[in-house]
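Chemist: Here's a structure for you.
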Amino acid sequence: MARMRVFYGNWQMECCGTPFAVGDEVAWMLVPYAEEERRENAGYGAEAEVENHAAPEQETLGRVHAVELVHQEYLVHTDPRPRELLDRARHPDTEAGGVVLLPSPYRMEQVPGAWTREPVDACPRWFGSEEPGRGPGPRRVRRTEGALVTLDVTGVRYTVAEVPGATPDEPGDRR
């Protein structure tokens, strides 16, 4: 049985993912990282990433062997001008009824190499992160970027278009 490391990004899970746990059987659409991306730490050591939107024409089947949440540190710079505008827009005396569009008062820079992995039994549906805070900064915050999954690959399930003779009700299964 082949084993691979897969990165499941926080936004992929929060948008349209299904939480999973160690021992679960999964079928994921994976996009492999290019060799250059892997050298640049893409996916925090993963070989591929889960893609729920513009997916390939096959699903990788497997059993979840291990799950680690990936936490990344960011350096946050706060611009006080948009922060003041945001405070004024939220003030109780502000006239209600209209939409107020304001720029973000925060600029976040990923701190290279400042990431950690936390072993867990299951991947959450929603990922937490530290709030940037109100002070002028700069300061560091930690955000959960997603889950690094060790997957025991058991097979590949192709879409109907790829399997000769398959019907829409019976997608092909090649193991």
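By convention here, the chains of the structure tokens are called A, B, ... in the order presented, each chain's residues are numbered starting at 1, and ligands are numbered starting at 1 in the order presented.
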With only C-alpha atoms counted and 8 Å as the cut-off, give the residues of range 54-78 of chain A in contact with range 109-130 of chain A, each with its shortest interatomic distance in Å and the pair that gives it, as JSON lines.
Modeler:
{"residue": "A:Ala66", "atom": "CA", "partner": "A:Asp121", "partner_atom": "CA", "distance": 7.4}
{"residue": "A:Val67", "atom": "CA", "partner": "A:Val120", "partner_atom": "CA", "distance": 5.7}
{"residue": "A:Glu68", "atom": "CA", "partner": "A:Pro119", "partner_atom": "CA", "distance": 4.2}
{"residue": "A:Leu69", "atom": "CA", "partner": "A:Glu118", "partner_atom": "CA", "distance": 5.0}
{"residue": "A:Val70", "atom": "CA", "partner": "A:Arg117", "partner_atom": "CA", "distance": 4.7}
{"residue": "A:His71", "atom": "CA", "partner": "A:Thr116", "partner_atom": "CA", "distance": 5.2}
{"residue": "A:Gln72", "atom": "CA", "partner": "A:Trp115", "partner_atom": "CA", "distance": 4.3}
{"residue": "A:Glu73", "atom": "CA", "partner": "A:Ala114", "partner_atom": "CA", "distance": 5.6}
{"residue": "A:Tyr74", "atom": "CA", "partner": "A:Gln110", "partner_atom": "CA", "distance": 4.4}
{"residue": "A:Leu75", "atom": "CA", "partner": "A:Glu109", "partner_atom": "CA", "distance": 5.1}
{"residue": "A:Val76", "atom": "CA", "partner": "A:Glu109", "partner_atom": "CA", "distance": 6.5}
Chemist: Residues as selected, N, CA and C atoms, written as a compact mmCIF listing (two decimals), in the first residue's frame, can you do that?
Modeler:
# COMPACT_ATOMS: atom_id res chain seq x y z
N ALA A 66 -2.84 9.51 9.47
CA ALA A 66 -2.51 10.52 10.48
C ALA A 66 -2.96 11.89 9.99
N VAL A 67 -3.25 12.79 10.95
CA VAL A 67 -3.66 14.17 10.64
C VAL A 67 -2.86 15.11 11.53
N GLU A 68 -2.30 16.16 10.91
CA GLU A 68 -1.59 17.19 11.66
C GLU A 68 -2.10 18.55 11.20
N LEU A 69 -2.53 19.40 12.13
CA LEU A 69 -2.90 20.75 11.77
C LEU A 69 -1.62 21.55 11.55
N VAL A 70 -1.62 22.36 10.50
CA VAL A 70 -0.45 23.17 10.17
C VAL A 70 -0.73 24.61 10.60
N HIS A 71 0.11 25.12 11.49
CA HIS A 71 -0.01 26.49 11.98
C HIS A 71 1.13 27.32 11.39
N GLN A 72 0.80 28.47 10.82
CA GLN A 72 1.78 29.35 10.21
C GLN A 72 1.78 30.67 10.96
N GLU A 73 2.97 31.22 11.20
CA GLU A 73 3.06 32.53 11.83
C GLU A 73 3.11 33.61 10.76
N TYR A 74 2.45 34.73 11.08
CA TYR A 74 2.42 35.90 10.20
C TYR A 74 2.86 37.12 10.99
N LEU A 75 3.50 38.03 10.32
CA LEU A 75 3.83 39.32 10.89
C LEU A 75 2.74 40.28 10.44
N VAL A 76 2.05 40.91 11.40
CA VAL A 76 0.92 41.78 11.09
C VAL A 76 1.32 43.24 11.29
Chemist: List the spatial neighbours of Ala46 in chain A as a list in words - criterion: any atom at most 7 Å away, only C-alpha atoms, same-chain residues fewer than 4 positions off excluded.
Modeler: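 Residues near the query, excluding close chain neighbours: Arg5, Val6, Phe7 and Leu148 of chain A.
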Chemist: So that I can check the surroundings of Asp152 in chain A, please list as a CSV table (one decimal) with N, CA, C and O atoms, in the first residue's frame every protein, DNA and RNA residue that reaches within 8 Å of it, counting only C-alpha atoms and ignoring chain neighbours fewer than 4 positions away.
Modeler:
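Wrote it out as selection.csv, contents follow:
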chain,number,residue,atom,x,y,z
A,1,MET,N,0.9,-1.2,0.0
A,1,MET,CA,0.0,0.0,0.0
A,1,MET,C,0.9,1.2,0.0
A,1,MET,O,1.8,1.4,0.8
A,2,ALA,N,0.6,2.1,-0.9
A,2,ALA,CA,1.4,3.4,-1.0
A,2,ALA,C,0.9,4.4,0.0
A,2,ALA,O,-0.2,4.4,0.4
A,3,ARG,N,1.9,5.1,0.6
A,3,ARG,CA,1.6,6.1,1.6
A,3,ARG,C,2.0,7.5,1.0
A,3,ARG,O,3.1,7.6,0.5
A,4,MET,N,1.2,8.5,1.1
A,4,MET,CA,1.6,9.8,0.7
A,4,MET,C,1.1,10.9,1.6
A,4,MET,O,0.2,10.7,2.4
A,62,GLY,N,-8.3,6.3,-0.3
A,62,GLY,CA,-7.4,5.9,0.8
A,62,GLY,C,-8.0,5.9,2.2
A,62,GLY,O,-9.1,6.3,2.4
A,63,ARG,N,-7.1,5.5,3.1
A,63,ARG,CA,-7.5,5.5,4.5
A,63,ARG,C,-6.6,6.5,5.2
A,63,ARG,O,-5.4,6.5,5.0
A,64,VAL,N,-7.2,7.4,6.0
A,64,VAL,CA,-6.4,8.4,6.7
A,64,VAL,C,-5.6,7.7,7.8
A,64,VAL,O,-6.1,7.1,8.7
A,65,HIS,N,-4.3,7.9,7.7
A,65,HIS,CA,-3.3,7.3,8.7
A,65,HIS,C,-3.0,8.2,9.8
A,65,HIS,O,-2.9,7.8,11.0
Chemist: Mind checking which residues fall within 8 Å of Val50 in chain A, counting only C-alpha atoms, ignoring those fewer than 2 positions away in the same chain, and posting them as a tab-separated table (two decimals) with N, CA, C and O atoms, in the first residue's frame?
Modeler:
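Final output, part.tsv:
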chain	number	residue	atom	x	y	z
A	6	VAL	N	-0.62	14.57	2.02
A	6	VAL	CA	-1.58	15.42	1.30
A	6	VAL	C	-1.90	16.63	2.16
A	6	VAL	O	-2.15	16.50	3.37
A	7	PHE	N	-1.91	17.82	1.54
A	7	PHE	CA	-2.29	19.03	2.25
A	7	PHE	C	-3.75	19.36	1.94
A	7	PHE	O	-4.14	19.43	0.78
A	8	TYR	N	-4.57	19.53	2.98
A	8	TYR	CA	-5.98	19.91	2.83
A	8	TYR	C	-6.09	21.33	3.37
A	8	TYR	O	-6.12	21.54	4.58
A	9	GLY	N	-6.13	22.32	2.48
A	9	GLY	CA	-6.16	23.72	2.86
A	9	GLY	C	-7.40	24.10	3.65
A	9	GLY	O	-8.49	23.56	3.42
A	12	GLN	N	-10.39	25.15	1.56
A	12	GLN	CA	-11.03	24.04	0.85
A	12	GLN	C	-11.99	23.31	1.79
A	12	GLN	O	-13.12	22.98	1.41
A	28	TRP	N	-10.61	11.63	-2.47
A	28	TRP	CA	-10.27	13.04	-2.68
A	28	TRP	C	-9.74	13.27	-4.08
A	28	TRP	O	-9.01	12.43	-4.63
A	29	MET	N	-10.06	14.42	-4.63
A	29	MET	CA	-9.47	14.86	-5.89
A	29	MET	C	-8.17	15.58	-5.53
A	29	MET	O	-8.20	16.57	-4.79
A	30	LEU	N	-7.06	15.05	-5.99
A	30	LEU	CA	-5.75	15.57	-5.62
A	30	LEU	C	-5.03	16.19	-6.81
A	30	LEU	O	-5.17	15.71	-7.93
A	31	VAL	N	-4.28	17.22	-6.53
A	31	VAL	CA	-3.43	17.87	-7.53
A	31	VAL	C	-2.00	17.77	-6.98
A	31	VAL	O	-1.72	18.30	-5.90
A	48	ALA	N	0.92	16.43	-2.59
A	48	ALA	CA	-0.25	16.86	-3.36
A	48	ALA	C	-1.18	17.63	-2.44
A	48	ALA	O	-1.03	17.61	-1.22
A	52	ASN	N	-11.13	20.81	-4.36
A	52	ASN	CA	-12.57	20.54	-4.44
A	52	ASN	C	-13.27	21.31	-5.55
A	52	ASN	O	-14.47	21.15	-5.73
Chemist: What does the distance between CA of Gln58 in chain A and CA of Arg157 in chain A come to in Å, to one decimal place?
Modeler: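 These two atoms are separated by 5.6 Å.
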Chemist: When distances are computed from only C-alpha atoms, which of A:Pro19, A:Pro105, A:Glu25, A:Tyr44 shows the smallest separation from Glu145 in chain A?
Modeler: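 Counting only C-alpha atoms, the residue closest to Glu145 in chain A is A:Tyr44.
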